[in-house]
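Structure file start_31.txt with compact mmCIF, C-alpha atoms and all ligand atoms:
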# COMPACT_ATOMS: atom_id res chain seq x y z
CA MET A 1 0.00 0.00 0.00
CA ALA A 2 1.71 3.15 -1.16
CA THR A 3 0.64 5.47 1.58
CA ASN A 4 2.92 8.19 2.78
CA THR A 5 2.76 8.28 6.56
CA SER A 6 5.52 10.76 7.19
CA VAL A 7 4.55 13.33 9.78
CA PRO A 8 5.60 16.95 9.71
CA PRO A 9 8.02 17.68 12.55
CA CYS A 10 6.41 19.29 15.56
CA ASP A 11 7.81 21.54 18.16
CA TYR A 12 8.26 19.76 21.50
CA ASP A 13 7.79 22.44 24.03
CA MET A 14 9.58 20.81 26.94
CA ALA A 15 11.73 23.60 28.18
CA ASP A 16 13.71 21.46 30.60
CA LEU A 17 15.02 19.03 28.02
CA SER A 18 18.17 19.35 25.99
CA GLU A 19 18.00 19.57 22.21
CA ASP A 20 19.07 15.90 22.03
CA ASP A 21 16.28 14.89 24.36
CA LYS A 22 13.75 16.86 22.39
CA ALA A 23 14.87 15.21 19.15
CA ALA A 24 14.70 11.79 20.82
CA ALA A 25 11.20 12.53 22.14
CA GLN A 26 10.01 13.51 18.69
CA LYS A 27 11.47 10.38 17.14
CA TYR A 28 9.95 8.12 19.78
CA LEU A 29 6.53 9.66 19.53
CA SER A 30 6.29 9.48 15.77
CA GLU A 31 7.68 5.95 15.65
CA HIS A 32 5.93 4.38 18.61
CA GLY A 33 2.86 6.51 19.16
CA VAL A 34 1.50 6.66 22.70
CA ARG A 35 3.66 3.90 24.12
CA GLY A 36 6.68 5.88 22.96
CA ILE A 37 6.15 8.19 25.93
CA GLU A 38 7.22 5.47 28.30
CA GLY A 39 10.04 4.28 26.05
CA PHE A 40 11.38 7.77 25.88
CA LEU A 41 11.18 8.32 29.62
CA ALA A 42 12.78 4.97 30.36
CA GLU A 43 15.68 5.67 28.03
CA ARG A 44 16.14 9.21 29.29
CA LEU A 45 15.51 8.47 32.93
CA ASP A 46 18.43 10.57 34.03
CA ALA A 47 17.48 13.50 31.86
CA TRP A 48 13.95 13.85 33.17
CA ARG A 49 14.94 13.18 36.75
CA LYS A 50 17.35 16.06 36.62
CA CYS A 51 14.63 18.40 35.43
CA PRO A 52 13.27 20.80 38.02
CA LEU A 53 9.74 20.42 39.29
CA HIS A 54 7.98 23.74 38.80
CA ILE A 55 5.68 24.21 41.77
CA ALA A 56 3.17 27.05 41.64
CA ILE A 57 2.03 28.47 44.97
CA THR A 58 -1.46 29.73 44.47
CA GLY A 59 -4.59 30.56 46.48
CA ASP A 60 -6.64 33.47 47.73
CA SER A 61 -5.02 36.85 48.07
CA GLY A 62 -3.33 37.16 51.44
CA ALA A 63 -3.57 33.44 52.21
CA GLY A 64 0.15 33.31 53.02
CA LYS A 65 1.72 32.18 49.75
CA SER A 66 4.80 34.42 49.88
CA THR A 67 5.27 33.74 53.58
CA LEU A 68 5.37 30.00 52.93
CA ILE A 69 7.96 30.39 50.16
CA ASN A 70 10.18 32.45 52.46
CA THR A 71 9.87 29.85 55.19
CA LEU A 72 10.66 27.04 52.77
CA ARG A 73 13.80 29.01 51.90
CA ASN A 74 14.54 29.61 55.56
CA LEU A 75 14.05 33.36 55.22
CA ARG A 76 12.10 35.95 57.14
CA ALA A 77 10.06 38.61 55.32
CA GLU A 78 12.73 41.26 55.90
CA ASP A 79 15.71 39.14 54.85
CA GLU A 80 17.49 39.99 51.64
CA GLY A 81 16.03 38.14 48.65
CA ALA A 82 12.84 37.23 50.52
CA ALA A 83 9.49 37.35 48.75
CA LYS A 84 7.45 40.45 49.65
CA VAL A 85 4.90 39.79 52.36
CA GLY A 86 2.18 42.11 53.60
CA VAL A 87 -1.28 42.74 54.94
CA VAL A 88 -2.47 44.25 51.67
CA GLU A 89 -2.37 42.64 48.21
CA THR A 90 1.35 42.18 47.70
CA THR A 91 2.42 39.82 44.92
CA ARG A 92 1.58 41.23 41.48
CA ILE A 93 4.02 39.40 39.22
CA VAL A 94 5.12 35.80 39.36
CA GLN A 95 8.48 35.40 41.08
CA SER A 96 10.45 32.16 41.12
CA TYR A 97 12.70 30.77 43.85
CA SER A 98 14.74 27.56 44.06
CA HIS A 99 14.78 25.53 47.24
CA PRO A 100 18.23 26.16 48.80
CA SER A 101 18.95 22.47 49.51
CA TYR A 102 16.96 20.90 46.67
CA PRO A 103 17.42 23.13 43.63
CA ASN A 104 15.20 20.77 41.65
CA LEU A 105 12.24 22.18 43.51
CA VAL A 106 11.43 25.56 42.01
CA PHE A 107 8.66 27.52 43.73
CA HIS A 108 6.71 30.13 41.80
CA ASP A 109 5.01 32.76 43.94
CA LEU A 110 1.75 33.57 42.17
CA PRO A 111 -0.48 36.58 42.76
CA GLY A 112 -3.62 35.81 44.76
CA VAL A 113 -6.76 34.89 42.86
CA GLY A 114 -9.96 36.91 42.98
CA THR A 115 -8.62 40.45 43.45
CA LEU A 116 -9.54 43.40 41.23
CA GLU A 117 -6.34 42.94 39.28
CA PHE A 118 -6.46 39.13 39.16
CA LYS A 119 -10.07 38.17 38.60
CA LYS A 120 -11.05 34.54 38.34
CA SER A 121 -12.11 35.05 34.73
CA THR A 122 -8.59 36.08 33.66
CA TYR A 123 -6.39 34.43 36.30
CA VAL A 124 -5.59 31.21 34.40
CA ASP A 125 -4.17 33.18 31.47
CA GLN A 126 -2.62 35.96 33.54
CA VAL A 127 -0.47 33.58 35.57
CA ASN A 128 -0.18 31.04 32.75
CA LEU A 129 -1.37 28.23 34.99
CA SER A 130 -0.61 25.43 32.55
CA ARG A 131 3.13 26.06 32.54
CA TYR A 132 3.60 24.67 36.06
CA ASP A 133 4.10 21.02 36.89
CA PHE A 134 2.49 20.94 40.30
CA PHE A 135 0.50 23.20 42.63
CA LEU A 136 0.22 24.07 46.27
CA ILE A 137 -3.19 25.62 46.90
CA ILE A 138 -2.76 27.80 49.98
CA SER A 139 -5.89 28.39 52.03
CA ARG A 140 -6.40 30.36 55.20
CA THR A 141 -9.21 30.08 57.77
CA ARG A 142 -12.29 29.22 55.66
CA PHE A 143 -12.39 26.94 52.65
CA THR A 144 -13.40 29.37 49.91
CA GLU A 145 -15.08 29.25 46.54
CA ASN A 146 -11.75 30.31 45.03
CA ASP A 147 -10.05 27.28 46.60
CA LEU A 148 -12.56 25.00 44.97
CA TRP A 149 -12.36 26.82 41.68
CA LEU A 150 -8.54 26.60 41.65
CA ALA A 151 -8.61 22.88 42.44
CA ASN A 152 -11.01 22.35 39.56
CA GLU A 153 -8.95 24.42 37.14
CA ILE A 154 -5.79 22.52 38.07
CA LYS A 155 -7.57 19.23 37.64
CA ARG A 156 -8.99 20.38 34.31
CA ILE A 157 -5.48 20.86 32.91
CA GLY A 158 -4.54 17.38 34.13
CA LYS A 159 -2.18 18.54 36.89
CA ARG A 160 -1.96 17.65 40.57
CA PHE A 161 -1.92 19.66 43.77
CA PHE A 162 -1.53 19.54 47.54
CA PHE A 163 -4.05 21.50 49.56
CA ILE A 164 -2.22 23.51 52.23
CA ARG A 165 -4.24 24.94 55.08
CA THR A 166 -2.02 27.61 56.59
CA ASN A 167 -2.36 30.03 59.52
CA ILE A 168 -2.95 27.14 61.95
CA ASP A 169 -0.99 28.94 64.71
CA GLN A 170 -3.40 31.87 64.55
CA ASP A 171 -6.48 29.63 64.41
CA LEU A 172 -5.37 27.76 67.51
CA TYR A 173 -4.67 31.01 69.31
CA ASN A 174 -8.13 32.33 68.42
CA GLU A 175 -9.78 29.13 69.61
CA LYS A 176 -7.92 29.36 72.89
CA VAL A 177 -9.17 32.89 73.38
CA ASP A 178 -12.74 32.03 72.31
CA HIS A 179 -13.14 28.66 74.07
CA PRO A 180 -10.56 28.44 76.85
CA LYS A 181 -12.54 25.83 78.83
CA ASN A 182 -12.91 23.24 76.07
CA TYR A 183 -9.70 23.97 74.21
CA SER A 184 -8.11 20.89 72.66
CA GLU A 185 -5.47 21.35 69.98
CA ALA A 186 -5.84 17.80 68.70
CA LEU A 187 -9.60 18.13 68.29
CA ILE A 188 -9.37 21.48 66.53
CA LEU A 189 -6.78 20.16 64.12
CA GLN A 190 -8.93 17.14 63.42
CA ARG A 191 -11.96 19.34 62.74
CA ILE A 192 -10.03 21.57 60.34
CA GLN A 193 -8.55 18.52 58.59
CA GLU A 194 -11.97 16.92 58.15
CA ASN A 195 -13.49 20.15 56.90
CA CYS A 196 -10.74 20.59 54.27
CA LEU A 197 -10.98 16.97 53.16
CA THR A 198 -14.76 17.12 52.80
CA HIS A 199 -14.48 20.08 50.44
CA ILE A 200 -11.37 19.19 48.46
CA ARG A 201 -12.34 15.57 47.92
CA THR A 202 -15.35 16.75 45.94
CA VAL A 203 -12.74 17.64 43.31
CA ASP A 204 -10.13 14.93 43.83
CA ASP A 205 -10.71 11.72 45.80
CA ASN A 206 -7.02 11.39 46.61
CA ALA A 207 -6.20 15.00 47.40
CA ASN A 208 -3.57 15.48 50.11
CA VAL A 209 -4.27 18.06 52.80
CA PHE A 210 -1.59 19.53 55.08
CA LEU A 211 -2.24 21.78 58.06
CA ILE A 212 0.63 24.18 58.67
CA SER A 213 1.74 27.54 59.88
CA GLY A 214 3.76 29.35 57.27
CA ARG A 215 5.78 31.18 59.90
CA LEU A 216 9.45 30.28 60.23
CA ASN A 217 9.20 29.36 63.91
CA TYR A 218 6.62 26.63 63.22
CA THR A 219 8.48 24.51 60.66
CA SER A 220 8.71 21.56 63.01
CA ARG A 221 5.03 21.75 64.03
CA PHE A 222 1.72 20.51 62.64
CA ASP A 223 2.04 18.96 59.13
CA PHE A 224 4.95 21.13 57.99
CA PRO A 225 7.59 18.33 58.12
CA LYS A 226 5.12 15.90 56.51
CA MET A 227 4.42 18.38 53.69
CA CYS A 228 8.15 18.82 52.97
CA SER A 229 8.87 15.12 52.93
CA ALA A 230 5.82 14.47 50.73
CA LEU A 231 7.18 16.97 48.22
CA LEU A 232 10.58 15.31 48.20
CA ARG A 233 9.16 11.81 48.23
CA ASP A 234 6.70 12.48 45.42
CA TYR A 235 9.08 14.48 43.29
CA PRO A 236 9.99 11.68 40.84
CA GLY A 237 6.37 10.64 40.41
CA LEU A 238 5.22 14.23 40.00
CA LYS A 239 7.96 15.07 37.56
CA ARG A 240 7.26 11.91 35.63
CA HIS A 241 3.58 12.80 35.53
CA ALA A 242 4.43 16.31 34.32
CA MET A 243 6.70 14.90 31.64
CA ILE A 244 4.04 12.47 30.49
CA LEU A 245 1.58 15.33 30.24
CA ALA A 246 4.00 17.45 28.24
CA MET A 247 4.78 14.52 26.00
CA SER A 248 1.14 13.62 25.57
CA THR A 249 0.33 17.12 24.34
CA ASN A 250 2.97 16.63 21.71
CA CYS A 251 1.83 13.11 21.06
CA LYS A 252 -1.59 14.55 20.27
CA GLU A 253 0.03 16.81 17.69
CA VAL A 254 1.66 13.75 16.14
CA ILE A 255 -1.70 11.96 15.98
CA ARG A 256 -3.45 14.97 14.44
CA ALA A 257 -0.71 15.36 11.86
CA LYS A 258 -0.86 11.67 11.02
CA VAL A 259 -4.63 11.79 10.60
CA ASP A 260 -4.29 14.83 8.35
CA VAL A 261 -1.92 12.91 6.10
CA LEU A 262 -4.23 9.87 6.03
CA ARG A 263 -7.31 12.03 5.50
CA GLY A 264 -5.66 13.75 2.56
CA GLN A 265 -5.18 10.37 0.93
CA THR A 266 -8.64 8.95 1.42
CA TRP A 267 -9.79 9.92 -2.03
CA VAL A 268 -6.97 7.82 -3.56
CA ALA A 269 -7.96 4.90 -1.32
CA ALA A 270 -11.61 5.31 -2.27
CA ALA A 271 -10.80 5.55 -5.98
CA VAL A 272 -8.70 2.39 -5.89
CA SER A 273 -11.40 0.54 -4.01
CA ALA A 274 -14.12 1.72 -6.35
CA ALA A 275 -12.13 1.05 -9.52
CA VAL A 276 -11.61 -2.64 -8.90
CA ALA A 277 -14.58 -4.73 -9.86
CA THR A 278 -15.14 -7.51 -7.36
CA PRO A 279 -18.15 -9.70 -6.69
CA PRO A 280 -20.71 -7.94 -4.50
CA ILE A 281 -20.83 -8.66 -0.77
CA PRO A 282 -24.05 -10.43 0.21
CA GLY A 283 -26.49 -7.94 1.62
CA LEU A 284 -24.68 -4.95 0.08
CA SER A 285 -25.74 -3.25 -3.13
CA VAL A 286 -22.49 -1.24 -3.28
CA MET A 287 -19.71 -2.63 -5.51
CA PHE A 288 -16.24 -2.01 -4.17
CA ASP A 289 -13.04 -3.85 -3.37
CA PHE A 290 -13.96 -5.17 0.03
CA SER A 291 -10.63 -6.62 1.09
CA LEU A 292 -8.79 -3.50 -0.02
CA THR A 293 -11.10 -1.31 2.10
CA VAL A 294 -10.68 -3.62 5.08
CA GLY A 295 -6.92 -3.34 4.48
CA PHE A 296 -7.13 0.46 4.68
CA VAL A 297 -9.00 0.31 7.97
CA LEU A 298 -6.48 -2.13 9.44
CA PHE A 299 -3.71 0.16 8.27
CA TYR A 300 -5.32 3.18 9.97
CA LYS A 301 -5.72 1.16 13.15
CA LYS A 302 -2.05 0.38 13.24
CA GLN A 303 -1.01 3.90 12.34
CA LEU A 304 -3.05 5.37 15.20
CA GLY A 305 -2.04 2.74 17.74
CA LEU A 306 -5.56 1.30 18.00
CA ASP A 307 -4.66 -2.23 16.90
CA ASP A 308 -4.58 -5.15 19.36
CA GLU A 309 -0.83 -5.30 19.60
CA SER A 310 -0.43 -1.58 20.34
CA LEU A 311 -3.23 -1.57 22.90
CA THR A 312 -1.82 -4.61 24.71
CA ARG A 313 1.64 -3.04 24.78
CA ILE A 314 0.28 0.25 26.10
CA ALA A 315 -1.64 -1.58 28.83
CA GLN A 316 1.51 -3.47 29.85
CA VAL A 317 3.91 -0.59 29.67
CA HIS A 318 1.68 1.84 31.54
CA HIS A 319 0.25 -0.68 34.00
CA ILE A 320 -3.31 -0.01 32.92
CA PRO A 321 -5.73 -2.97 32.93
CA VAL A 322 -6.71 -3.79 29.32
CA TYR A 323 -10.42 -3.61 30.21
CA VAL A 324 -10.02 0.03 31.32
CA ILE A 325 -8.62 0.94 27.91
CA GLN A 326 -11.28 -1.11 26.13
CA ASP A 327 -14.13 0.41 28.15
CA GLU A 328 -12.96 3.94 27.44
CA LEU A 329 -12.35 3.38 23.73
CA GLN A 330 -15.66 1.59 23.27
CA LYS A 331 -17.38 4.79 24.31
CA ILE A 332 -16.07 6.16 21.01
CA LEU A 333 -15.81 3.15 18.70
CA PRO A 334 -18.05 0.05 18.64
CA ALA A 335 -16.67 -3.23 20.01
CA HIS A 336 -16.49 -4.91 16.58
CA PHE A 337 -14.06 -2.24 15.37
CA PHE A 338 -11.62 -3.95 17.72
CA THR A 339 -12.67 -7.55 17.24
CA ALA A 340 -13.99 -7.98 13.69
CA VAL A 341 -12.91 -5.36 11.16
CA PRO A 342 -14.55 -6.98 8.07
CA GLU A 343 -17.99 -7.02 9.74
CA PHE A 344 -17.36 -3.51 10.99
CA VAL A 345 -16.63 -2.30 7.44
CA VAL A 346 -19.79 -3.95 6.10
CA SER A 347 -21.89 -2.21 8.74
CA LEU A 348 -20.29 1.15 7.97
CA VAL A 349 -20.81 0.80 4.22
CA LYS A 350 -24.44 -0.21 4.79
CA LYS A 351 -25.02 2.81 6.96
CA GLN A 352 -23.24 5.14 4.56
CA ALA A 353 -25.16 3.78 1.57
CA VAL A 354 -28.14 5.68 2.93
CA GLY A 355 -27.79 9.41 2.30
CA THR A 356 -24.32 10.06 0.90
CA ALA A 357 -23.78 13.55 -0.51
CA THR A 358 -22.43 13.39 -4.05
CA GLU A 359 -21.52 17.09 -4.42
CA GLU A 360 -18.60 16.74 -2.02
CA VAL A 361 -17.16 14.06 -4.30
CA LEU A 362 -17.27 16.12 -7.47
CA ARG A 363 -14.23 18.02 -6.20
CA TYR A 364 -12.12 14.94 -6.94
CA VAL A 365 -13.26 14.45 -10.52
CA PRO A 366 -10.16 16.06 -12.08
CA TYR A 367 -7.88 13.79 -10.07
CA VAL A 368 -9.64 10.50 -10.28
CA GLY A 369 -11.54 10.69 -13.51
CA SER A 370 -15.25 11.05 -13.94
CA ALA A 371 -15.83 7.38 -14.62
CA ILE A 372 -14.82 6.34 -11.11
CA CYS A 373 -16.12 9.46 -9.41
CA ALA A 374 -19.51 8.98 -10.89
CA THR A 375 -19.81 5.62 -9.18
CA VAL A 376 -21.82 5.40 -6.01
CA SER A 377 -19.15 3.17 -4.49
CA PHE A 378 -16.47 5.86 -4.68
CA THR A 379 -18.75 8.31 -2.94
CA ILE A 380 -19.66 5.85 -0.25
CA ILE A 381 -16.17 4.48 0.41
CA LEU A 382 -14.76 8.00 0.57
CA SER A 383 -17.33 8.99 3.17
CA VAL A 384 -16.79 5.78 5.11
CA LEU A 385 -13.03 6.29 5.30
CA ARG A 386 -13.29 9.97 6.19
CA ASN A 387 -15.90 9.54 8.88
CA LEU A 388 -14.03 6.60 10.28
CA LEU A 389 -10.77 8.54 10.43
CA ASN A 390 -12.51 11.32 12.36
CA VAL A 391 -13.76 8.88 14.95
CA MET A 392 -10.45 7.01 15.12
CA GLU A 393 -8.66 10.30 15.68
CA LYS A 394 -10.94 10.97 18.64
CA ALA A 395 -10.22 7.50 20.03
CA ALA A 396 -6.45 7.87 19.56
CA LEU A 397 -6.51 11.24 21.36
CA ALA A 398 -8.61 9.74 24.15
CA LEU A 399 -6.07 6.94 24.46
CA ILE A 400 -3.38 9.51 25.19
CA ASP A 401 -5.54 11.02 27.93
CA ILE A 402 -6.09 7.58 29.43
CA VAL A 403 -2.36 6.94 29.48
CA ALA A 404 -1.60 10.33 31.03
CA GLU A 405 -4.29 9.95 33.69
CA ARG A 406 -3.84 6.31 34.54
CA SER A 407 -0.11 5.99 34.20
CA VAL A 408 1.13 5.02 37.66
CA SER A 409 4.62 5.64 38.88
CA ASP A 410 6.48 2.40 39.41
CA ASP A 411 9.90 3.80 40.01
CA GLU A 412 9.48 6.10 42.97
CA ASP A 413 11.41 3.81 45.28
CA ASP A 414 14.33 3.18 42.91
CA ASP A 415 16.71 5.62 44.50
CA SER A 416 16.86 8.90 46.30
CA PRO A 417 14.30 11.34 44.93
CA ILE A 418 16.39 14.28 43.90
N1 LIG B 501 -0.04 33.89 61.93
C1 LIG B 501 0.20 33.64 60.66
N2 LIG B 501 0.29 34.64 59.79
C2 LIG B 501 0.56 34.36 58.50
C3 LIG B 501 0.71 33.03 58.04
N3 LIG B 501 0.98 33.06 56.73
C4 LIG B 501 0.97 34.36 56.37
N4 LIG B 501 0.71 35.15 57.41
C5 LIG B 501 0.59 36.62 57.41
O1 LIG B 501 -0.44 36.94 56.49
C6 LIG B 501 -0.13 38.14 55.78
C7 LIG B 501 -0.17 37.88 54.28
O2 LIG B 501 0.84 36.98 53.94
P1 LIG B 501 1.49 36.93 52.49
O3 LIG B 501 2.51 35.83 52.54
O4 LIG B 501 1.92 38.25 52.01
O5 LIG B 501 0.22 36.45 51.66
P2 LIG B 501 0.13 36.22 50.08
O6 LIG B 501 -0.78 35.07 49.88
O7 LIG B 501 1.47 36.12 49.47
O8 LIG B 501 -0.60 37.58 49.64
P3 LIG B 501 -0.74 38.18 48.13
O9 LIG B 501 0.58 38.09 47.49
O10 LIG B 501 -1.15 39.59 48.37
O11 LIG B 501 -1.79 37.39 47.47
C8 LIG B 501 1.22 38.58 56.30
O12 LIG B 501 1.02 39.54 57.28
C9 LIG B 501 1.82 37.32 56.91
O13 LIG B 501 2.70 37.58 57.97
C10 LIG B 501 0.61 31.97 59.01
O14 LIG B 501 0.73 30.77 58.72
N5 LIG B 501 0.36 32.34 60.30
MG MG B 502 2.31 37.17 47.98
Just give me the structure of the file as structure tokens.
Ligand SMILES: Nc1nc2c(ncn2[C@@H]2O[C@H](COP(=O)(O)OP(=O)(O)OP(=O)(O)O)[C@@H](O)[C@H]2O)c(=O)[nH]1
Ligand SMILES: [Mg+2]
Amino acid sequence: MATNTSVPPCDYDMADLSEDDKAAAQKYLSEHGVRGIEGFLAERLDAWRKCPLHIAITGDSGAGKSTLINTLRNLRAEDEGAAKVGVVETTRIVQSYSHPSYPNLVFHDLPGVGTLEFKKSTYVDQVNLSRYDFFLIISRTRFTENDLWLANEIKRIGKRFFFIRTNIDQDLYNEKVDHPKNYSEALILQRIQENCLTHIRTVDDNANVFLISGRLNYTSRFDFPKMCSALLRDYPGLKRHAMILAMSTNCKEVIRAKVDVLRGQTWVAAAVSAAVATPPIPGLSVMFDFSLTVGFVLFYKKQLGLDDESLTRIAQVHHIPVYVIQDELQKILPAHFFTAVPEFVVSLVKKQAVGTATEEVLRYVPYVGSAICATVSFTIILSVLRNLLNVMEKAALALIDIVAERSVSDDEDDDSPI
């Protein structure tokens, strides 16, 4: 089958990778499709592990974002190089700071959400939310609508977050003043924890919540040590997740480009199928080369990584149960697309035989010749292949999302995290 499947090069926007790595990523993705993500990461393990994890610190205005960054860097507000801290809206442009002991953790101090200058409606674009790998949502006193909104936005772009409830020192102090008789630190902390979990788990079932004080003199209290070790412990998994997401965006470009090439060639495929006279298929009035058409569909399947072999490999490599992949894909394509392509083609042709628009086809007359174009079979096969490619493209793109979402980290315990 003389089909050109070359894909135009795409730009892999993975700022942390070297030119060599980027070239390798591109090669892997166009050669191996979705499963290439894992192959690439495995081969370049060192490269991606050395990449910094870009952590955005976000939340309501005045929640204590800059204070936390200073504390993580062992600085007080008035120390040189400290992030500006204050009782009025303070952070207006994103500033970035590396962790002094773990330079692979880069914290980005974001302006607070929901102020006059940073309204919810423009915040995502203003702070360029999608460029960060991971998020700390900082919340103070009450769980707010903005907290929920941020968690949802972060989830929407496929990223992960920790929910950090700060200001615990002040809350405990207030409780002591308000209810001195019944004061119990443990009970108050438990209540706050449960309240945060109830809200945040409406967005993410596995969300982590940490109760802290952002002040420097409380770094050994509450969940502060736990939060730091979770960041260090989860770094490889989080970075890997971020890399998979970045790669999957590019993988989608590869898929789209591939489909464009295949789509552009459907009229040739349809003409060849329609030109060859073969005995009619029982139950079908349309005359076309059945086995050739089935061959095209099988070819598309392989090209888009939707064939059995590719799906099994993806399931193995990414530790995703095959039934999960099948269930998701069968929301887009019928089961017999995966199990019985000839029957699938017959059903498509039957369906298409009813109500095919001939005008669309006239465009190809100069290329193919009026004799073939005039045939009903050309019209029908062309529509079948085009419609099918559209749906297969959707399925291939969904497959990438499944891989990115379900891919579990199996190498977090290999060695030290950073
Ligand atoms: N007691 C107490 N005060 C805190 C805590 N975190 C922050 N603060 C105080 O809260 C005020 C605001 O803190 P910032 O760190 O500037 O808050 P921010 O979220 O960066 O504010 P914007 O940049 O304006 O959005 C400052 O006066 C801090 O000292 C905390 O955990 N405990
Ligand atoms: Mg600030």
Task: Interatomic distance (Å, one decimal) between CA of Phe338 in chain A and CA of Phe299 in chain A - done: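 Between these atoms lies a distance of 13.0 Å.
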Which chains and residue numbers are within 8 Å of ligand LIG 501 (chain B), counting all atoms listed in the file, if I want them as a CSV table (one decimal) with C-alpha atoms, in the coordinates of the input?
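Result went into selection.csv, see below:
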chain,number,residue,atom,x,y,z
A,58,THR,CA,-1.5,29.7,44.5
A,59,GLY,CA,-4.6,30.6,46.5
A,60,ASP,CA,-6.6,33.5,47.7
A,61,SER,CA,-5.0,36.8,48.1
A,62,GLY,CA,-3.3,37.2,51.4
A,63,ALA,CA,-3.6,33.4,52.2
A,64,GLY,CA,0.2,33.3,53.0
A,65,LYS,CA,1.7,32.2,49.8
A,66,SER,CA,4.8,34.4,49.9
A,67,THR,CA,5.3,33.7,53.6
A,68,LEU,CA,5.4,30.0,52.9
A,77,ALA,CA,10.1,38.6,55.3
A,84,LYS,CA,7.4,40.4,49.6
A,85,VAL,CA,4.9,39.8,52.4
A,86,GLY,CA,2.2,42.1,53.6
A,87,VAL,CA,-1.3,42.7,54.9
A,88,VAL,CA,-2.5,44.2,51.7
A,89,GLU,CA,-2.4,42.6,48.2
A,90,THR,CA,1.4,42.2,47.7
A,91,THR,CA,2.4,39.8,44.9
A,92,ARG,CA,1.6,41.2,41.5
A,109,ASP,CA,5.0,32.8,43.9
A,110,LEU,CA,1.8,33.6,42.2
A,111,PRO,CA,-0.5,36.6,42.8
A,112,GLY,CA,-3.6,35.8,44.8
A,113,VAL,CA,-6.8,34.9,42.9
A,138,ILE,CA,-2.8,27.8,50.0
A,140,ARG,CA,-6.4,30.4,55.2
A,166,THR,CA,-2.0,27.6,56.6
A,167,ASN,CA,-2.4,30.0,59.5
A,168,ILE,CA,-3.0,27.1,62.0
A,169,ASP,CA,-1.0,28.9,64.7
A,170,GLN,CA,-3.4,31.9,64.6
A,212,ILE,CA,0.6,24.2,58.7
A,213,SER,CA,1.7,27.5,59.9
A,214,GLY,CA,3.8,29.4,57.3
A,215,ARG,CA,5.8,31.2,59.9
Task: Distance in Å - CA of Ala271 in chain A versus CA of Phe378 in chain A - done: 5.8 Å
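One distance worth recording is that between CA of Val94 in chain A and CA of Ser248 in chain A, which is 26.4 Å.
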Open item on the list: Using all atoms listed in the file - which residues lie no farther than 6 Å from the point (-1.3, 23.5, 39.1) in the file's frame? Write them as number ranges by chain.
Closed with: A: 132, 134-135, 154, 159
Open item on the list: So, with all atoms listed in the file as the atoms that count, which of A:Leu41, A:Ala25, A:Leu298, A:Ile57 lies closest to ligand MG 502 (chain B)?
Closed with: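 Of all the options, A:Ile57 lies closest to ligand MG 502 (chain B).
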Open item on the list: Just checking: using all atoms listed in the file, which residue out of A:Leu238, A:Leu262, A:Ile200, A:Ile255 ends up closest to Gly305 in chain A?
Closed with: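 Closest residue, counting all atoms listed in the file: A:Ile255.
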For range 200-317 of chain A against range 182-190 of chain A, with a cut-off of 12 Å and counting all atoms listed in the file, what is the closest atom pair and its distance in Å to one decimal for every residue that makes the cut, ordered by chain and number, as a Markdown table?
| residue | atom | partner | partner_atom | distance |
| --- | --- | --- | --- | --- |
| A:Val209 | CA | A:Gln190 | CA | 11.6 |
| A:Phe210 | CA | A:Leu189 | CA | 10.4 |
| A:Leu211 | CA | A:Leu189 | CA | 7.7 |
| A:Ile212 | CA | A:Leu189 | CA | 10.0 |
| A:Arg221 | CA | A:Leu189 | CA | 11.9 |
| A:Phe222 | CA | A:Leu189 | CA | 8.6 |
| A:Asp223 | CA | A:Leu189 | CA | 10.2 |
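Remark: for Pro321 in chain A, the closest of the candidate residues A:Ala335, A:Val403, A:Met247, A:Leu306 is A:Val403 (distances computed over all atoms listed in the file).
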TODO: Please return, as a PyMOL selection string, all polymer residues that have at least one atom within 6 Å of the point (-3.2, 18.8, 50.3); use all atoms listed in the file and the file's own coordinate frame.
DONE: chain A and resi 162-164+207-210
Residues of the last selection are to be written out with C-alpha atoms, as a PDB file, in the frame of the given file.
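New file result33.pdb:
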ATOM      1  CA  PHE A 162      -1.530  19.540  47.540  1.00  0.00           C
ATOM      2  CA  PHE A 163      -4.050  21.500  49.560  1.00  0.00           C
ATOM      3  CA  ILE A 164      -2.220  23.510  52.230  1.00  0.00           C
ATOM      4  CA  ALA A 207      -6.200  15.000  47.400  1.00  0.00           C
ATOM      5  CA  ASN A 208      -3.570  15.480  50.110  1.00  0.00           C
ATOM      6  CA  VAL A 209      -4.270  18.060  52.800  1.00  0.00           C
ATOM      7  CA  PHE A 210      -1.590  19.530  55.080  1.00  0.00           C
TER       8      PHE A 210
END
TODO: Write out as JSON, numbers by chain which residues come within 9 Å of Leu129 in chain A when counting only C-alpha atoms, dropping same-chain ones fewer than 4 positions away.
DONE: {"A": [56, 123, 124, 125, 153, 154, 157]}
Could you turn the residues from that selection into a file that holds C-alpha atoms, as a short mmCIF file (atom, residue, chain, number, x, y, z; two decimals), keeping the file's coordinate frame?
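Final file, part.cif:
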data_model
loop_
_atom_site.label_atom_id
_atom_site.label_comp_id
_atom_site.auth_asym_id
_atom_site.auth_seq_id
_atom_site.Cartn_x
_atom_site.Cartn_y
_atom_site.Cartn_z
CA ALA A 56 3.17 27.05 41.64
CA TYR A 123 -6.39 34.43 36.30
CA VAL A 124 -5.59 31.21 34.40
CA ASP A 125 -4.17 33.18 31.47
CA GLU A 153 -8.95 24.42 37.14
CA ILE A 154 -5.79 22.52 38.07
CA ILE A 157 -5.48 20.86 32.91
#
Open item on the list: My list of candidates is A:Asn390, A:Glu405, A:Leu75, A:Leu29. Which is closest to Arg240 in chain A when distances are computed with all atoms listed in the file?
Closed with: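 The shortest atom-to-atom distance to Arg240 in chain A comes from A:Glu405.
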